[in-house]
Structure formats: C-alpha cells, structure tokens
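Chemist: What follows is start03.json, JSON, C-alpha atoms and all ligand atoms.
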[["chain", "number", "residue", "atom", "x", "y", "z"],
["A", 1, "MET", "CA", 0.00, 0.00, 0.00],
["A", 2, "ALA", "CA", 1.25, 3.48, -0.82],
["A", 3, "ASP", "CA", 2.27, 5.81, 1.98],
["A", 4, "LYS", "CA", -0.20, 8.54, 2.78],
["A", 5, "LEU", "CA", 1.27, 11.90, 1.77],
["A", 6, "ASN", "CA", 0.13, 15.48, 2.18],
["A", 7, "ARG", "CA", 0.30, 18.02, -0.62],
["A", 8, "VAL", "CA", 2.55, 20.98, 0.25],
["A", 9, "THR", "CA", 1.45, 24.51, -0.55],
["A", 10, "GLY", "CA", 2.42, 27.99, 0.62],
["A", 11, "ALA", "CA", 5.53, 30.14, 0.53],
["A", 12, "ASP", "CA", 7.22, 29.07, 3.78],
["A", 13, "SER", "CA", 10.68, 27.55, 3.56],
["A", 14, "LEU", "CA", 10.55, 23.78, 3.08],
["A", 15, "ARG", "CA", 13.09, 23.53, 5.87],
["A", 16, "LYS", "CA", 10.18, 23.43, 8.31],
["A", 17, "PHE", "CA", 9.39, 19.91, 7.11],
["A", 18, "PHE", "CA", 12.83, 18.70, 8.13],
["A", 19, "ASP", "CA", 11.10, 18.53, 11.45],
["A", 20, "SER", "CA", 13.78, 19.30, 13.99],
["A", 21, "PRO", "CA", 12.29, 19.35, 17.48],
["A", 22, "TYR", "CA", 14.46, 22.41, 18.22],
["A", 23, "MET", "CA", 14.55, 25.99, 17.06],
["A", 24, "GLY", "CA", 16.91, 26.87, 14.23],
["A", 25, "ALA", "CA", 17.48, 29.72, 11.80],
["A", 26, "TYR", "CA", 14.87, 27.98, 9.64],
["A", 27, "SER", "CA", 12.26, 28.74, 12.33],
["A", 28, "ILE", "CA", 12.52, 32.50, 11.78],
["A", 29, "ASN", "CA", 10.91, 34.21, 8.80],
["A", 30, "ASP", "CA", 13.20, 36.26, 6.56],
["A", 31, "GLY", "CA", 14.21, 39.49, 8.28],
["A", 32, "ALA", "CA", 11.93, 38.88, 11.27],
["A", 33, "GLU", "CA", 12.94, 39.41, 14.91],
["A", 34, "PRO", "CA", 10.39, 37.42, 16.91],
["A", 35, "ILE", "CA", 9.95, 38.14, 20.64],
["A", 36, "VAL", "CA", 9.15, 35.29, 23.04],
["A", 37, "THR", "CA", 8.91, 34.76, 26.78],
["A", 38, "ILE", "CA", 11.12, 32.22, 28.53],
["A", 39, "SER", "CA", 8.89, 29.80, 30.43],
["A", 40, "ASP", "CA", 11.47, 27.27, 31.58],
["A", 41, "VAL", "CA", 15.09, 26.19, 31.53],
["A", 42, "MET", "CA", 15.86, 22.48, 31.15],
["A", 43, "GLN", "CA", 19.07, 20.46, 30.94],
["A", 44, "GLY", "CA", 19.80, 16.98, 29.64],
["A", 45, "LYS", "CA", 20.94, 14.76, 26.78],
["A", 46, "ILE", "CA", 19.37, 15.59, 23.45],
["A", 47, "THR", "CA", 19.60, 13.80, 20.13],
["A", 48, "LEU", "CA", 21.22, 15.91, 17.43],
["A", 49, "GLU", "CA", 20.96, 15.57, 13.66],
["A", 50, "GLY", "CA", 22.63, 12.31, 12.73],
["A", 51, "GLY", "CA", 21.63, 10.66, 16.01],
["A", 52, "ARG", "CA", 24.51, 11.97, 18.13],
["A", 53, "LYS", "CA", 23.57, 12.62, 21.77],
["A", 54, "GLU", "CA", 24.92, 15.59, 23.72],
["A", 55, "ASP", "CA", 24.29, 17.33, 26.99],
["A", 56, "HIS", "CA", 22.68, 20.72, 26.55],
["A", 57, "VAL", "CA", 20.72, 23.42, 28.29],
["A", 58, "LEU", "CA", 17.42, 24.26, 26.60],
["A", 59, "LEU", "CA", 15.16, 27.26, 26.84],
["A", 60, "TYR", "CA", 11.41, 26.69, 26.62],
["A", 61, "PHE", "CA", 8.96, 29.47, 25.75],
["A", 62, "ALA", "CA", 5.45, 30.45, 26.80],
["A", 63, "GLU", "CA", 4.22, 31.17, 23.27],
["A", 64, "LYS", "CA", 3.30, 28.51, 20.72],
["A", 65, "SER", "CA", 3.44, 30.93, 17.82],
["A", 66, "VAL", "CA", 4.51, 34.57, 17.47],
["A", 67, "GLN", "CA", 4.91, 37.10, 14.69],
["A", 68, "GLY", "CA", 7.91, 36.07, 12.60],
["A", 69, "MET", "CA", 7.95, 32.51, 13.95],
["A", 70, "SER", "CA", 5.02, 30.24, 13.13],
["A", 71, "GLU", "CA", 6.09, 27.52, 15.55],
["A", 72, "VAL", "CA", 8.06, 28.36, 18.70],
["A", 73, "LYS", "CA", 10.28, 25.38, 19.54],
["A", 74, "PRO", "CA", 12.72, 24.99, 22.43],
["A", 75, "LEU", "CA", 16.12, 26.59, 21.86],
["A", 76, "VAL", "CA", 19.31, 24.63, 22.44],
["A", 77, "LEU", "CA", 21.39, 27.20, 24.28],
["A", 78, "ASN", "CA", 24.87, 27.78, 22.87],
["A", 79, "ALA", "CA", 27.74, 29.69, 24.50],
["A", 80, "THR", "CA", 27.10, 32.94, 22.60],
["A", 81, "ASN", "CA", 23.42, 33.14, 23.51],
["A", 82, "GLN", "CA", 24.17, 32.07, 27.08],
["A", 83, "LYS", "CA", 26.58, 35.01, 27.45],
["A", 84, "THR", "CA", 24.01, 37.40, 25.98],
["A", 85, "LEU", "CA", 21.37, 36.19, 28.44],
["A", 86, "GLU", "CA", 23.73, 36.59, 31.36],
["A", 87, "LYS", "CA", 24.50, 40.18, 30.35],
["A", 88, "LEU", "CA", 20.79, 40.91, 29.91],
["A", 89, "TYR", "CA", 19.32, 39.31, 33.01],
["A", 90, "GLY", "CA", 22.13, 38.05, 35.25],
["A", 91, "LYS", "CA", 23.40, 34.60, 36.23],
["A", 92, "GLY", "CA", 21.45, 31.41, 36.78],
["A", 93, "ALA", "CA", 18.19, 29.91, 35.56],
["A", 94, "ASP", "CA", 15.81, 31.49, 38.07],
["A", 95, "VAL", "CA", 16.28, 35.01, 36.71],
["A", 96, "LEU", "CA", 15.32, 33.85, 33.21],
["A", 97, "ARG", "CA", 11.82, 32.48, 33.75],
["A", 98, "GLY", "CA", 9.23, 35.01, 32.60],
["A", 99, "LYS", "CA", 11.82, 37.15, 30.78],
["A", 100, "MET", "CA", 11.47, 38.13, 27.14],
["A", 101, "VAL", "CA", 14.05, 37.65, 24.42],
["A", 102, "LYS", "CA", 14.23, 38.88, 20.85],
["A", 103, "PHE", "CA", 15.75, 36.59, 18.22],
["A", 104, "TYR", "CA", 17.43, 37.34, 14.93],
["A", 105, "VAL", "CA", 19.25, 35.23, 12.36],
["A", 106, "ASP", "CA", 23.00, 35.71, 12.14],
["A", 107, "PRO", "CA", 23.89, 34.62, 8.58],
["A", 108, "ALA", "CA", 27.47, 33.70, 9.48],
["A", 109, "VAL", "CA", 28.01, 31.83, 12.73],
["A", 110, "ARG", "CA", 30.84, 29.35, 13.02],
["A", 111, "ALA", "CA", 29.73, 25.87, 11.99],
["A", 112, "ILE", "CA", 30.73, 22.67, 13.76],
["A", 113, "GLY", "CA", 33.48, 21.20, 11.60],
["A", 114, "GLY", "CA", 34.51, 24.51, 10.03],
["A", 115, "GLY", "CA", 33.01, 27.13, 7.76],
["A", 116, "THR", "CA", 29.96, 29.22, 8.58],
["A", 117, "THR", "CA", 26.23, 28.66, 8.72],
["A", 118, "GLU", "CA", 23.22, 30.68, 9.79],
["A", 119, "GLY", "CA", 22.21, 30.57, 13.42],
["A", 120, "VAL", "CA", 19.66, 31.89, 15.91],
["A", 121, "ARG", "CA", 20.98, 34.72, 18.06],
["A", 122, "ILE", "CA", 19.48, 36.61, 20.98],
["A", 123, "ARG", "CA", 19.59, 40.40, 20.65],
["A", 124, "PRO", "CA", 21.64, 41.94, 23.49],
["A", 125, "THR", "CA", 18.79, 44.29, 24.41],
["A", 126, "VAL", "CA", 15.72, 43.73, 26.57],
["A", 127, "PRO", "CA", 12.70, 43.67, 24.22],
["A", 128, "ARG", "CA", 10.51, 46.69, 24.70],
["A", 129, "VAL", "CA", 6.93, 45.99, 25.66],
["A", 130, "ALA", "CA", 4.42, 48.80, 25.43],
["A", 131, "ALA", "CA", 4.40, 50.47, 28.86],
["A", 132, "THR", "CA", 1.16, 52.38, 28.63],
["A", 133, "GLY", "CA", 0.11, 51.98, 32.22],
["A", 134, "PRO", "CA", -2.49, 49.53, 33.49],
["A", 135, "THR", "CA", -4.80, 47.96, 30.93],
["A", 136, "LYS", "CA", -8.36, 46.99, 31.84],
["A", 137, "CYS", "CA", -9.89, 43.65, 30.99],
["A", 138, "THR", "CA", -12.61, 44.16, 28.37],
["A", 139, "VAL", "CA", -14.76, 41.48, 30.06],
["A", 140, "CYS", "CA", -14.63, 42.07, 33.83],
["A", 141, "GLU", "CA", -13.15, 45.61, 33.58],
["A", 142, "LYS", "CA", -10.59, 44.86, 36.28],
["A", 143, "GLU", "CA", -6.97, 45.86, 35.80],
["A", 144, "ILE", "CA", -4.96, 43.16, 34.03],
["A", 145, "THR", "CA", -2.21, 41.90, 36.31],
["A", 146, "ALA", "CA", 0.60, 39.36, 36.08],
["A", 147, "ALA", "CA", -0.36, 35.69, 36.25],
["A", 148, "GLY", "CA", 1.59, 32.45, 35.99],
["A", 149, "ASN", "CA", 4.95, 33.30, 34.49],
["A", 150, "MET", "CA", 3.72, 36.21, 32.37],
["A", 151, "ASN", "CA", 3.76, 39.87, 33.34],
["A", 152, "ALA", "CA", 0.77, 42.16, 32.72],
["A", 153, "ALA", "CA", 2.04, 43.42, 29.36],
["A", 154, "GLN", "CA", 2.59, 39.88, 28.16],
["A", 155, "ILE", "CA", -0.92, 38.87, 29.18],
["A", 156, "VAL", "CA", -2.33, 41.87, 27.28],
["A", 157, "GLU", "CA", -0.30, 40.88, 24.22],
["A", 158, "TYR", "CA", -1.33, 37.26, 24.49],
["A", 159, "SER", "CA", -5.05, 38.02, 24.91],
["A", 160, "ARG", "CA", -5.01, 40.30, 21.86],
["A", 161, "ARG", "CA", -3.44, 37.59, 19.78],
["A", 162, "ARG", "CA", -5.57, 34.78, 21.11],
["A", 163, "PHE", "CA", -8.95, 36.45, 21.69],
["A", 164, "GLY", "CA", -8.63, 39.67, 19.71],
["A", 165, "GLY", "CA", -8.96, 41.95, 22.75],
["A", 166, "GLU", "CA", -7.49, 42.76, 26.14],
["A", 167, "MET", "CA", -8.45, 40.16, 28.74],
["A", 168, "CYS", "CA", -7.22, 39.19, 32.19],
["A", 169, "ALA", "CA", -5.96, 35.67, 32.85],
["A", 170, "ASP", "CA", -9.14, 34.70, 34.74],
["A", 171, "CYS", "CA", -11.44, 35.79, 31.92],
["A", 172, "MET", "CA", -9.27, 34.06, 29.32],
["A", 173, "ARG", "CA", -9.52, 30.85, 31.31],
["A", 174, "LYS", "CA", -13.31, 31.18, 31.53],
["A", 175, "ALA", "CA", -13.57, 31.95, 27.81],
["A", 176, "GLN", "CA", -11.49, 28.88, 27.07],
["A", 177, "GLU", "CA", -13.69, 26.70, 29.28],
["A", 178, "GLN", "CA", -16.83, 28.04, 27.63],
["A", 179, "ALA", "CA", -15.39, 27.39, 24.18],
["A", 180, "GLU", "CA", -14.60, 23.82, 25.19],
["A", 181, "ALA", "CA", -18.06, 23.28, 26.72],
["A", 182, "ALA", "CA", -19.69, 24.66, 23.56],
["A", 183, "LYS", "CA", -17.65, 22.27, 21.47],
["A", 184, "VAL", "CA", -18.72, 19.29, 23.56],
["A", 185, "GLU", "CA", -22.36, 20.35, 23.27],
["A", 186, "GLU", "CA", -22.02, 20.78, 19.52],
["A", 187, "GLU", "CA", -20.52, 17.31, 19.18],
["A", 188, "SER", "CA", -23.16, 15.60, 21.31],
["A", 189, "GLY", "CA", -25.86, 17.57, 19.46],
["A", 190, "ARG", "CA", -24.68, 16.20, 16.16],
["A", 191, "LYS", "CA", -25.17, 12.63, 17.31],
["A", 192, "GLY", "CA", -28.90, 12.88, 17.91],
["A", 193, "ASP", "CA", -31.86, 15.05, 18.71],
["A", 194, "VAL", "CA", -30.49, 18.21, 20.31],
["A", 195, "GLU", "CA", -33.64, 18.91, 22.36],
["A", 196, "ASN", "CA", -33.80, 15.45, 23.89],
["A", 197, "ALA", "CA", -30.13, 14.74, 24.09],
["A", 198, "PRO", "CA", -29.27, 13.82, 27.66],
["A", 199, "LYS", "CA", -27.15, 16.38, 29.44],
["A", 200, "PRO", "CA", -23.73, 15.05, 30.36],
["A", 201, "GLU", "CA", -23.73, 14.08, 34.03],
["A", 202, "SER", "CA", -21.90, 16.47, 36.27],
["A", 203, "GLY", "CA", -18.57, 15.03, 37.26],
["A", 204, "ALA", "CA", -18.46, 13.01, 34.07],
["A", 205, "GLU", "CA", -15.79, 15.25, 32.62],
["A", 206, "SER", "CA", -12.24, 14.08, 33.08],
["B", 301, "ZN", "ZN", -11.25, 39.90, 33.29]]
Let me see whether you can do it: turn the structure in this file into structure tokens.
Modeler:
Amino acid sequence: MADKLNRVTGADSLRKFFDSPYMGAYSINDGAEPIVTISDVMQGKITLEGGRKEDHVLLYFAEKSVQGMSEVKPLVLNATNQKTLEKLYGKGADVLRGKMVKFYVDPAVRAIGGGTTEGVRIRPTVPRVAATGPTKCTVCEKEITAAGNMNAAQIVEYSRRRFGGEMCADCMRKAQEQAEAAKVEEESGRKGDVENAPKPESGAES
C-alpha cells in the first residue's frame, strides 16, 4: 500500500518539514525578529541531527506561535546566547523564567566542523513591551495583572493575539472553558436530537 502523503502549498521555507524538534534559523521568517517569553530552563541529553547525543541546556517558551515565527520550539542554548542572556538578566536559571528575548538570524556563525552557517541569536537588548500603564480587561473591567509566568504586558499581548482583545488571565480561562463546553455540546448535538439529548452528568468530565 502506498504511503499517505500530504500536498505541500504555501511560501514558507521547506526547511520546516525537516522537522527538527528544536529551534533553528529555519524557524525564523526572513528578516523577522520574533519576541518570546522564557517559560522554563531544562538540561539533559538531546539527540542531534545524525543521532549523536549531547548534553545541553534548553530554553522553553510560553508562546506557541509569534509574529515572525510560526512555531516556537525549544532553543538549544549555545555559548554565545548564554553570554548574551547573562548580560541581559544576570546569572542562573531562576532570573530567566518570565523574561522576554528577541531573536534574529545571524547569517554567518561558526559551523561545527569549520566554515559558517546561519544561526539563531538573541539580541543583546531587553525587548521593549508597550508600557502604557495599566490595561483593563474588556470582560470584567478589572486591571490586568501578572499571572503564571507572564507579566501584565505579556498577558495583554497574548489576549489580543488569542482572543482579539485585552483580557485578564481569569477571563481568558473562563472563555477557554466556555469554548470547550460549547464544542462538547455541539458534538453531542450532532449525534442525535439536540432537544432530547441527555445532558452530560456532572462530574463526568475528566
Ligand atoms: Zn477579566
């Protein structure tokens, strides 16, 4: 039987189908300088191209997708970016969680085994987030404050991207729950008579 294949369309670089689990220069659109928020710092053995295993420190990010980077993958931290981070935010892992970094592509970083290649670099400046004072949630009208590992400005940014307006973390969570509940209802409605469909028992959800 033939393998099941998907037709490829669009203008994005085909490099994205090489499917590395880690961020690379290929992750960043031409000329873009995407900004992301560090959510975690991990360390361990990772499998490199060709199957080689090496110990590395990895940065994980809060965003799944940002302008200039359609899929935000973990970054394998190299010495250059590690030095930049230390200058920006200080030593250690704890100072990094919740901090923002701006990436760019350096077209000529030293390649393993000689020569040069393109690589992901962190800009040596703290990304500017709009500091326009407190922003009110468009749903509950309370001031949007920091939550989880995101500061207020990041939550404002995130809610605009995700819901198209400024929302606090609580209201975003509620909106998400409602969207999920509506989806469940829609699915159960499709199976039979909507009016007489039995309501899911409370406590039945995972
Ligand atoms: Zn709210």
Chemist: Find the residues near ligand ZN 301 (chain B). Use a cut-off of 10 Å, count only C-alpha atoms and all ligand atoms, and write them as a list of chain:residue names.
Modeler: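 Checked against 10 Å with only C-alpha atoms and all ligand atoms; the hits are A:Lys136, A:Cys137, A:Thr138, A:Val139, A:Cys140, A:Glu141, A:Lys142, A:Glu143, A:Ile144, A:Thr145, A:Glu166, A:Met167, A:Cys168, A:Ala169, A:Asp170, A:Cys171, A:Met172, A:Arg173, A:Lys174, A:Ala175.
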Chemist: For the selection just defined, write its residues with C-alpha atoms to a file, as a JSON list (two decimals), in the frame of the given file.
Modeler:
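This is the output file out-v4.json:
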[["chain", "number", "residue", "atom", "x", "y", "z"],
["A", 136, "LYS", "CA", -8.36, 46.99, 31.84],
["A", 137, "CYS", "CA", -9.89, 43.65, 30.99],
["A", 138, "THR", "CA", -12.61, 44.16, 28.37],
["A", 139, "VAL", "CA", -14.76, 41.48, 30.06],
["A", 140, "CYS", "CA", -14.63, 42.07, 33.83],
["A", 141, "GLU", "CA", -13.15, 45.61, 33.58],
["A", 142, "LYS", "CA", -10.59, 44.86, 36.28],
["A", 143, "GLU", "CA", -6.97, 45.86, 35.80],
["A", 144, "ILE", "CA", -4.96, 43.16, 34.03],
["A", 145, "THR", "CA", -2.21, 41.90, 36.31],
["A", 166, "GLU", "CA", -7.49, 42.76, 26.14],
["A", 167, "MET", "CA", -8.45, 40.16, 28.74],
["A", 168, "CYS", "CA", -7.22, 39.19, 32.19],
["A", 169, "ALA", "CA", -5.96, 35.67, 32.85],
["A", 170, "ASP", "CA", -9.14, 34.70, 34.74],
["A", 171, "CYS", "CA", -11.44, 35.79, 31.92],
["A", 172, "MET", "CA", -9.27, 34.06, 29.32],
["A", 173, "ARG", "CA", -9.52, 30.85, 31.31],
["A", 174, "LYS", "CA", -13.31, 31.18, 31.53],
["A", 175, "ALA", "CA", -13.57, 31.95, 27.81]]
Chemist: Using all atoms listed in the file, find the one residue out of A:Pro124, A:Gly164, A:Pro21, A:Gly92 that sits nearest to Val72 in chain A.
Modeler: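 The answer is A:Pro21, which sits nearest to Val72 in chain A.
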Chemist: Neighbouring residues of Val95 in chain A were defined as those with any atom within 12 Å, considering all atoms listed in the file; residues of the same chain fewer than 4 positions away were excluded. Please report them as a PyMOL selection string.
Modeler: chain A and resi 38-41+85-91+99-100+149
Chemist: Residues of the last selection are to be written out with C-alpha atoms, as a PDB file, keeping the file's coordinate frame.
Modeler:
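Here's the written file result-v1.pdb:
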ATOM      1  CA  ILE A  38      11.120  32.220  28.530  1.00  0.00           C
ATOM      2  CA  SER A  39       8.890  29.800  30.430  1.00  0.00           C
ATOM      3  CA  ASP A  40      11.470  27.270  31.580  1.00  0.00           C
ATOM      4  CA  VAL A  41      15.090  26.190  31.530  1.00  0.00           C
ATOM      5  CA  LEU A  85      21.370  36.190  28.440  1.00  0.00           C
ATOM      6  CA  GLU A  86      23.730  36.590  31.360  1.00  0.00           C
ATOM      7  CA  LYS A  87      24.500  40.180  30.350  1.00  0.00           C
ATOM      8  CA  LEU A  88      20.790  40.910  29.910  1.00  0.00           C
ATOM      9  CA  TYR A  89      19.320  39.310  33.010  1.00  0.00           C
ATOM     10  CA  GLY A  90      22.130  38.050  35.250  1.00  0.00           C
ATOM     11  CA  LYS A  91      23.400  34.600  36.230  1.00  0.00           C
ATOM     12  CA  LYS A  99      11.820  37.150  30.780  1.00  0.00           C
ATOM     13  CA  MET A 100      11.470  38.130  27.140  1.00  0.00           C
ATOM     14  CA  ASN A 149       4.950  33.300  34.490  1.00  0.00           C
TER      15      ASN A 149
END
Chemist: Extract, using only C-alpha atoms, all DNA, RNA and protein residues at most 7 Å from range 101-111 of chain A, discarding same-chain residues fewer than 6 positions from it, and format them as a PyMOL selection string.
Modeler: chain A and resi 25+32-37+117-123+126-127
Chemist: If you measure from CA of Lys64 in chain A to CA of Gly51 in chain A, what distance in Å do you get, rounded to one decimal?
Modeler: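 Separation between CA of Lys64 in chain A and CA of Gly51 in chain A: 26.0 Å.
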Chemist: Between A:Thr84, A:Thr47, A:Ser20, A:Thr125, which one has atoms that come closest to Glu71 in chain A, using all atoms listed in the file?
Modeler: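 With all atoms listed in the file as the atom set, the closest residue is A:Ser20.
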Chemist: Take CA of Gln176 in chain A and CA of Phe163 in chain A and report the distance between them in Å, one decimal.
Modeler: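 Separation of CA of Gln176 in chain A and CA of Phe163 in chain A: 9.6 Å.
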Chemist: Could you please determine the separation between CA of Leu96 in chain A and CA of Gly44 in chain A in Å, to one decimal place?
Modeler: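 One can read the CA of Leu96 in chain A to CA of Gly44 in chain A distance as 17.8 Å.
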Chemist: Quick one: residues within 9 Å of Leu77 in chain A, all atoms listed in the file, excluding same-chain residues fewer than 4 positions away - as a list in words?
Modeler: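 So, after excluding close chain neighbours, the residues are His56, Val57, Leu58, Leu59, Asn81 and Gln82 of chain A.
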Chemist: Would you please work out which residue, of A:Met150, A:Ile46, A:Arg97, A:Lys53, is nearest to Tyr22 in chain A when using only C-alpha atoms?
Modeler: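 Counting only C-alpha atoms, the residue closest to Tyr22 in chain A is A:Ile46.
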Chemist: Build an axis-aligned box that encloses every atom of range 35-44 of chain A listed in the file, pad it by 4 Å on each side, and report its centre and edge lengths in Å to one decimal, as JSON.
Modeler:
{"center_x": 14.3, "center_y": 27.6, "center_z": 26.1, "size_x": 18.9, "size_y": 29.2, "size_z": 18.9}
